[in-house]
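Peer 1: Data: upload13.pdb, PDB, C-alpha atoms.
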```pdb
ATOM      1  CA  MET N  30      23.638  50.118 -12.311
ATOM      2  CA  LYS N  31      21.004  48.787 -14.650
ATOM      3  CA  LEU N  32      21.497  45.359 -16.246
ATOM      4  CA  PRO N  33      20.385  44.715 -19.796
ATOM      5  CA  ARG N  34      17.044  42.884 -19.961
ATOM      6  CA  TYR N  35      18.517  39.632 -21.373
ATOM      7  CA  SER N  36      21.149  39.527 -18.594
ATOM      8  CA  LEU N  37      18.459  39.759 -15.920
ATOM      9  CA  LEU N  38      16.442  36.986 -17.570
ATOM     10  CA  PHE N  39      19.605  34.881 -17.829
ATOM     11  CA  LEU N  40      20.328  35.316 -14.082
ATOM     12  CA  ILE N  41      16.742  34.392 -13.177
ATOM     13  CA  LEU N  42      16.936  31.289 -15.372
ATOM     14  CA  ILE N  43      20.248  30.231 -13.793
ATOM     15  CA  ASN N  44      18.773  30.673 -10.286
ATOM     16  CA  ILE N  45      15.720  28.578 -11.167
ATOM     17  CA  LEU N  46      17.895  25.833 -12.637
ATOM     18  CA  CYS N  47      20.101  25.811  -9.521
ATOM     19  CA  MET N  48      17.058  25.460  -7.254
ATOM     20  CA  LEU N  49      15.628  22.656  -9.353
ATOM     21  CA  TYR N  50      18.976  20.858  -9.377
ATOM     22  CA  ALA N  51      19.400  21.197  -5.609
ATOM     23  CA  GLY N  52      15.841  20.005  -4.923
ATOM     24  CA  CYS N  53      14.739  19.383  -1.399
ATOM     25  CA  GLY N  54      17.010  16.421  -0.670
ATOM     26  CA  TYR N  55      14.615  13.681  -1.708
ATOM     27  CA  HIS N  56      15.568  11.443  -4.558
ATOM     28  CA  LEU N  57      14.697   8.033  -5.855
ATOM     29  CA  ARG N  58      17.356   5.421  -6.383
ATOM     30  CA  GLU N  59      17.651   4.107  -9.897
ATOM     31  CA  ASP N  60      19.819   1.129  -9.008
ATOM     32  CA  GLY N  61      17.224  -0.679  -6.855
ATOM     33  CA  ASN N  62      19.255  -0.438  -3.649
ATOM     34  CA  PRO N  63      17.953   1.098  -0.424
ATOM     35  CA  VAL N  64      18.859   4.627   0.600
ATOM     36  CA  GLY N  65      21.142   4.720   3.647
ATOM     37  CA  LEU N  66      21.193   0.938   4.210
ATOM     38  CA  ASP N  67      23.509  -1.824   3.124
ATOM     39  CA  ILE N  68      21.088  -4.675   2.497
ATOM     40  CA  LYS N  69      22.360  -7.612   0.461
ATOM     41  CA  SER N  70      19.262  -9.831   0.882
ATOM     42  CA  ILE N  71      15.768  -9.740   2.355
ATOM     43  CA  ALA N  72      13.357 -12.352   3.680
ATOM     44  CA  ILE N  73       9.627 -11.780   3.330
ATOM     45  CA  PRO N  74       7.880 -14.581   5.243
ATOM     46  CA  ILE N  75       4.163 -15.200   4.854
ATOM     47  CA  ILE N  76       2.039 -12.475   6.386
ATOM     48  CA  LEU N  77       0.493 -13.298   9.734
ATOM     49  CA  SER N  78      -3.114 -12.512  10.509
ATOM     50  CA  THR N  79      -5.073 -12.295  13.714
ATOM     51  CA  SER N  80      -8.155 -11.333  11.738
ATOM     52  CA  SER N  81     -11.085 -13.717  11.432
ATOM     53  CA  GLU N  82     -10.805 -13.571   7.622
ATOM     54  CA  ARG N  83      -8.747 -16.366   6.108
ATOM     55  CA  ASP N  84      -7.110 -17.400   2.848
ATOM     56  CA  PHE N  85      -5.705 -14.021   1.841
ATOM     57  CA  GLU N  86      -2.274 -14.224   3.515
ATOM     58  CA  ALA N  87      -0.516 -15.979   0.618
ATOM     59  CA  ASP N  88      -1.851 -13.484  -1.927
ATOM     60  CA  PHE N  89      -0.857 -10.546   0.273
ATOM     61  CA  THR N  90       2.648 -11.972   0.716
ATOM     62  CA  GLN N  91       3.001 -12.612  -3.025
ATOM     63  CA  THR N  92       2.004  -9.025  -3.823
ATOM     64  CA  ILE N  93       4.645  -7.613  -1.458
ATOM     65  CA  ARG N  94       7.310  -9.974  -2.805
ATOM     66  CA  ALA N  95       6.385  -9.033  -6.376
ATOM     67  CA  GLU N  96       6.843  -5.338  -5.528
ATOM     68  CA  PHE N  97      10.394  -6.009  -4.330
ATOM     69  CA  ILE N  98      11.194  -8.360  -7.210
ATOM     70  CA  SER N  99      10.026  -5.877  -9.836
ATOM     71  CA  HIS N 100      11.812  -2.822  -8.409
ATOM     72  CA  ALA N 101      14.603  -3.761  -5.999
ATOM     73  CA  GLY N 102      18.032  -5.109  -6.769
ATOM     74  CA  ILE N 103      17.961  -7.167  -3.565
ATOM     75  CA  PRO N 104      17.394 -10.920  -3.710
ATOM     76  CA  ILE N 105      14.580 -12.425  -1.646
ATOM     77  CA  VAL N 106      15.923 -15.364   0.325
ATOM     78  CA  ASP N 107      14.845 -17.528   3.266
ATOM     79  CA  GLU N 108      15.063 -16.121   6.786
ATOM     80  CA  GLU N 109      18.241 -18.010   7.739
ATOM     81  CA  ARG N 110      20.265 -16.352   4.952
ATOM     82  CA  ALA N 111      18.727 -12.866   4.891
ATOM     83  CA  ASP N 112      20.367  -9.654   6.072
ATOM     84  CA  VAL N 113      16.943  -8.275   7.006
ATOM     85  CA  ILE N 114      13.493  -9.734   7.620
ATOM     86  CA  LEU N 115      10.303  -7.945   6.652
ATOM     87  CA  SER N 116       7.517  -9.073   8.994
ATOM     88  CA  CYS N 117       3.888  -8.081   8.472
ATOM     89  CA  ARG N 118       0.727  -8.802  10.451
ATOM     90  CA  VAL N 119      -2.844  -8.023   9.472
ATOM     91  CA  TYR N 120      -4.885  -7.419  12.591
ATOM     92  CA  GLU N 121      -8.188  -6.095  11.280
ATOM     93  CA  ILE N 122     -10.324  -6.598   8.210
ATOM     94  CA  LYS N 123     -13.729  -4.962   8.013
ATOM     95  CA  SER N 124     -16.319  -4.723   5.302
ATOM     96  CA  ASP N 125     -19.019  -2.160   6.052
ATOM     97  CA  PRO N 126     -22.003  -1.125   3.918
ATOM     98  CA  LEU N 127     -21.311   1.998   1.903
ATOM     99  CA  THR N 128     -24.464   2.469  -0.188
ATOM    100  CA  TYR N 129     -27.922   0.962  -0.156
ATOM    101  CA  ASP N 130     -30.411   0.177  -2.882
ATOM    102  CA  SER N 131     -34.090   0.052  -2.085
ATOM    103  CA  VAL N 132     -36.928  -1.591  -3.950
ATOM    104  CA  ARG N 133     -40.570  -0.677  -3.303
ATOM    105  CA  GLN N 134     -43.216  -3.221  -4.059
ATOM    106  CA  ASN N 135     -46.972  -2.946  -3.824
ATOM    107  CA  ILE N 136     -48.382  -6.250  -2.585
ATOM    108  CA  ASN N 137     -52.128  -6.457  -2.002
ATOM    109  CA  GLY N 138     -52.405  -2.730  -1.486
ATOM    110  CA  ARG N 139     -49.528  -2.498   0.993
ATOM    111  CA  VAL N 140     -46.188  -0.914   0.042
ATOM    112  CA  TYR N 141     -43.111  -2.819   1.130
ATOM    113  CA  THR N 142     -39.582  -1.448   0.913
ATOM    114  CA  HIS N 143     -36.719  -3.886   0.681
ATOM    115  CA  GLU N 144     -33.201  -2.517   1.172
ATOM    116  CA  THR N 145     -30.072  -4.206  -0.103
ATOM    117  CA  THR N 146     -26.445  -3.218   0.056
ATOM    118  CA  GLY N 147     -25.248  -1.620  -3.186
ATOM    119  CA  SER N 148     -21.583  -1.313  -2.273
ATOM    120  CA  ARG N 149     -19.284  -1.958   0.652
ATOM    121  CA  ARG N 150     -16.063  -0.440   1.966
ATOM    122  CA  MET N 151     -13.259  -2.912   2.675
ATOM    123  CA  MET N 152     -10.795  -1.710   5.316
ATOM    124  CA  ILE N 153      -7.620  -3.550   6.285
ATOM    125  CA  GLN N 154      -5.215  -2.568   9.061
ATOM    126  CA  MET N 155      -1.781  -4.044   9.474
ATOM    127  CA  GLU N 156       1.618  -3.495  10.982
ATOM    128  CA  ALA N 157       5.006  -4.126   9.439
ATOM    129  CA  LYS N 158       8.616  -3.964  10.503
ATOM    130  CA  LEU N 159      12.035  -4.434   8.971
ATOM    131  CA  VAL N 160      14.547  -6.091  11.311
ATOM    132  CA  GLU N 161      18.251  -6.861  10.974
ATOM    133  CA  ARG N 162      18.399 -10.643  11.303
ATOM    134  CA  VAL N 163      21.711 -10.957  13.160
ATOM    135  CA  SER N 164      21.417  -8.060  15.626
ATOM    136  CA  GLY N 165      17.631  -7.938  15.955
ATOM    137  CA  ASN N 166      17.725  -4.156  15.535
ATOM    138  CA  ILE N 167      14.520  -2.702  14.149
ATOM    139  CA  ILE N 168      15.282  -0.583  11.080
ATOM    140  CA  TRP N 169      11.719   0.663  10.812
ATOM    141  CA  ARG N 170       8.333  -0.215  12.278
ATOM    142  CA  GLU N 171       4.939   1.008  11.205
ATOM    143  CA  THR N 172       1.870   0.199  13.263
ATOM    144  CA  GLY N 173      -1.610   1.253  12.302
ATOM    145  CA  MET N 174      -1.161   1.061   8.546
ATOM    146  CA  LYS N 175      -4.652   1.335   7.069
ATOM    147  CA  GLU N 176      -6.064   1.159   3.550
ATOM    148  CA  GLU N 177      -9.660   1.271   2.323
ATOM    149  CA  VAL N 178     -11.257   0.375  -1.003
ATOM    150  CA  SER N 179     -14.928   0.163  -1.980
ATOM    151  CA  PHE N 180     -16.476  -2.611  -4.055
ATOM    152  CA  ASN N 181     -19.868  -3.291  -5.610
ATOM    153  CA  VAL N 182     -22.300  -5.827  -4.212
ATOM    154  CA  SER N 183     -24.357  -7.900  -6.614
ATOM    155  CA  ASP N 184     -27.396 -10.140  -6.347
ATOM    156  CA  ASP N 185     -25.044 -12.888  -7.491
ATOM    157  CA  PRO N 186     -22.834 -13.944  -4.539
ATOM    158  CA  LEU N 187     -20.063 -15.127  -6.881
ATOM    159  CA  ILE N 188     -19.800 -11.678  -8.449
ATOM    160  CA  THR N 189     -19.791 -10.075  -4.997
ATOM    161  CA  ARG N 190     -17.031 -12.468  -3.843
ATOM    162  CA  HIS N 191     -15.007 -11.664  -6.970
ATOM    163  CA  ASN N 192     -15.399  -7.910  -6.334
ATOM    164  CA  GLN N 193     -14.366  -8.408  -2.716
ATOM    165  CA  GLN N 194     -11.244 -10.321  -3.781
ATOM    166  CA  LYS N 195     -10.375  -7.528  -6.215
ATOM    167  CA  ALA N 196     -10.705  -5.024  -3.352
ATOM    168  CA  VAL N 197      -8.358  -7.083  -1.161
ATOM    169  CA  SER N 198      -5.912  -7.329  -4.072
ATOM    170  CA  LYS N 199      -6.015  -3.546  -4.573
ATOM    171  CA  ILE N 200      -5.379  -2.979  -0.860
ATOM    172  CA  SER N 201      -2.467  -5.432  -0.838
ATOM    173  CA  GLY N 202      -0.949  -3.508  -3.764
ATOM    174  CA  LEU N 203      -1.264  -0.222  -1.862
ATOM    175  CA  PHE N 204       0.409  -1.775   1.191
ATOM    176  CA  ALA N 205       3.150  -3.280  -0.987
ATOM    177  CA  GLU N 206       3.993   0.132  -2.446
ATOM    178  CA  ARG N 207       4.114   1.743   1.015
ATOM    179  CA  ILE N 208       6.282  -1.011   2.474
ATOM    180  CA  TYR N 209       8.640  -0.886  -0.493
ATOM    181  CA  MET N 210       9.006   2.906  -0.169
ATOM    182  CA  MET N 211       9.643   2.663   3.584
ATOM    183  CA  THR N 212      12.329   0.065   2.986
ATOM    184  CA  MET N 213      14.043   1.367  -0.112
ATOM    185  CA  GLU N 214      13.465   5.111  -0.134
ATOM    186  CA  ARG N 215      13.215   5.569   3.659
ATOM    187  CA  PHE N 216      10.059   7.698   3.611
TER     188      PHE N 216
END
```
What would the structure in this file look like if it were written as structure tokens?

Peer 2:
Amino acid sequence: MKLPRYSLLFLILINILCMLYAGCGYHLREDGNPVGLDIKSIAIPIILSTSSERDFEADFTQTIRAEFISHAGIPIVDEERADVILSCRVYEIKSDPLTYDSVRQNINGRVYTHETTGSRRMMIQMEAKLVERVSGNIIWRETGMKEEVSFNVSDDPLITRHNQQKAVSKISGLFAERIYMMTMERF
């Protein structure tokens, strides 16, 4: 039996729509509540660091809190009142040269080459876990989280420091997104 051409196209279109509607099981929550968890409140204490770098922990913590505040429908409260506690620890921060600039100068007939760093790669590794406060059960734990961002180096140390701080801020934003997705979307 041969179907009319428009009937065949209609059946194909219906099949495609059914597959798109069914999806693969992943979906994002529009209401700001976590998938598969009943969390009424969360504590996000200041990030710990065993790295030799200092003075970034408050900014890192603020970035993660801001991610939850802007997207989640869960209030951030102190640890004593929270259903769950999100604990994070930075354990490595490295800044390695990425590119070099060289300057050649002729001084009294001798050629000297002076190399300077043109850009650096900032790498931060951390671990994070979400724990039920009352039971102590670990909901999720991620060790070895790693993000890298490059930044330009300038002859002016203030500009270089500013670029380095922007790199750390970018990395904290990347971590905040990952941690939010692991908590709220469960992947």

Peer 1: Looking at only C-alpha atoms, which of N:Ile76, N:Val182, N:Ile93, N:Leu115 is the one that sits closest to N:Ile200?

Peer 2: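 Distance minimum relative to N:Ile200 lands on N:Ile93.
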
Peer 1: Which residues are close to stretch 158-163 of chain N, i.e. within 7 Å by only C-alpha atoms, leaving aside same-chain residues fewer than 2 positions away? Reply as a list in words.

Peer 2: Ala111, Asp112, Val113, Ile114, Leu115, Ser116, Cys117, Gly165, Asn166, Ile167, Ile168, Trp169, Arg170 and Glu171 of chain N

Peer 1: Store the residues picked out above, limited to C-alpha atoms, as a PDB file, keeping the file's coordinate frame.

Peer 2:
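Output below, filename part16.pdb:
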```pdb
ATOM      1  CA  ALA N 111      18.727 -12.866   4.891  1.00  0.00           C
ATOM      2  CA  ASP N 112      20.367  -9.654   6.072  1.00  0.00           C
ATOM      3  CA  VAL N 113      16.943  -8.275   7.006  1.00  0.00           C
ATOM      4  CA  ILE N 114      13.493  -9.734   7.620  1.00  0.00           C
ATOM      5  CA  LEU N 115      10.303  -7.945   6.652  1.00  0.00           C
ATOM      6  CA  SER N 116       7.517  -9.073   8.994  1.00  0.00           C
ATOM      7  CA  CYS N 117       3.888  -8.081   8.472  1.00  0.00           C
ATOM      8  CA  GLY N 165      17.631  -7.938  15.955  1.00  0.00           C
ATOM      9  CA  ASN N 166      17.725  -4.156  15.535  1.00  0.00           C
ATOM     10  CA  ILE N 167      14.520  -2.702  14.149  1.00  0.00           C
ATOM     11  CA  ILE N 168      15.282  -0.583  11.080  1.00  0.00           C
ATOM     12  CA  TRP N 169      11.719   0.663  10.812  1.00  0.00           C
ATOM     13  CA  ARG N 170       8.333  -0.215  12.278  1.00  0.00           C
ATOM     14  CA  GLU N 171       4.939   1.008  11.205  1.00  0.00           C
TER      15      GLU N 171
END
```

Peer 1: Please evaluate the PyMOL selection byres ((chain N and resi 133) around 9) against the structure above and give the resulting residues as number ranges by chain.

Peer 2: N: 131-132, 134-135, 140-144

Peer 1: Take the PyMOL selection byres ((chain N and resi 174) around 6), run it mentally on this structure, and tell me the resulting residues as a ChimeraX atom specification.

Peer 2: /N:154-156,172-173,175

Peer 1: Near N:Glu177, within 9 Å and counting all atoms listed in the file, which residues show up once chain neighbours fewer than 5 positions away are dropped, as a list of chain:residue names?

Peer 2: N:Arg150, N:Met151, N:Met152, N:Ile153, N:Gln154, N:Ala196, N:Ile200

Peer 1: From the options N:Asn192, N:Asn137, N:Thr79, N:Thr90, which residue's atoms come nearest to N:Phe180, counting all atoms listed in the file?

Peer 2: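 The answer is N:Asn192, which sits nearest to N:Phe180.
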
Peer 1: Considering all atoms listed in the file, state which residue in the set N:Glu108, N:Thr128, N:Val119, N:Glu176 is at the smallest distance from N:Phe85.

Peer 2: N:Val119

Peer 1: Choose the residue, out of N:Tyr129, N:Ala157, N:Glu121, N:Phe89, that has the smallest atom-to-atom separation from N:Ile208; count all atoms listed in the file.

Peer 2: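 Distance minimum relative to N:Ile208 lands on N:Ala157.
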
Peer 1: What gap, in Å, lies between atom CA of N:Lys123 and atom CA of N:Gly202?

Peer 2: 17.4 Å

Peer 1: For the file shown, report as a PyMOL selection string the outcome of the PyMOL selection byres ((chain N and resi 206) around 12) at residue level.

Peer 2: chain N and resi 92-97+99-101+176+199-205+207-214+216

Peer 1: Mind pulling up the distance from atom CA of N:Gln91 to atom CA of N:Val106?

Peer 2: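 Going from atom CA of N:Val106 over to atom CA of N:Gln91 covers 13.6 Å.
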
Peer 1: Let me make sure I understand: among N:Thr145, N:Arg118, N:Ile73, N:Pro104, which one has the smallest atom-to-atom distance to N:Asp130 if we use all atoms listed in the file?

Peer 2: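 That would be N:Thr145, the residue with the smallest distance to N:Asp130.
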
Peer 1: Could you tell me how far atom CA of N:Leu187 lies from atom CA of N:Ile75, in Å and to one decimal?

Peer 2: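 Interatomic distance, atom CA of N:Leu187 to atom CA of N:Ile75: 26.9 Å.
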
Peer 1: Let me have the centre and edge lengths of the axis-aligned box enclosing all listed atoms of stretch 187-192 of chain N with 4 Å padding on every side, in Å to one decimal, as AutoDock Vina command-line options.

Peer 2:
```
--center_x -17.5 --center_y -11.5 --center_z -6.1 --size_x 13.1 --size_y 15.2 --size_z 12.6
```

Peer 1: Which is closer to N:Val197 than all the others in N:Val178, N:Arg139, N:Ile68, N:Arg149, using only C-alpha atoms?

Peer 2: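 Between N:Val178, N:Arg139, N:Ile68, N:Arg149, the residue approaching N:Val197 most closely is N:Val178.
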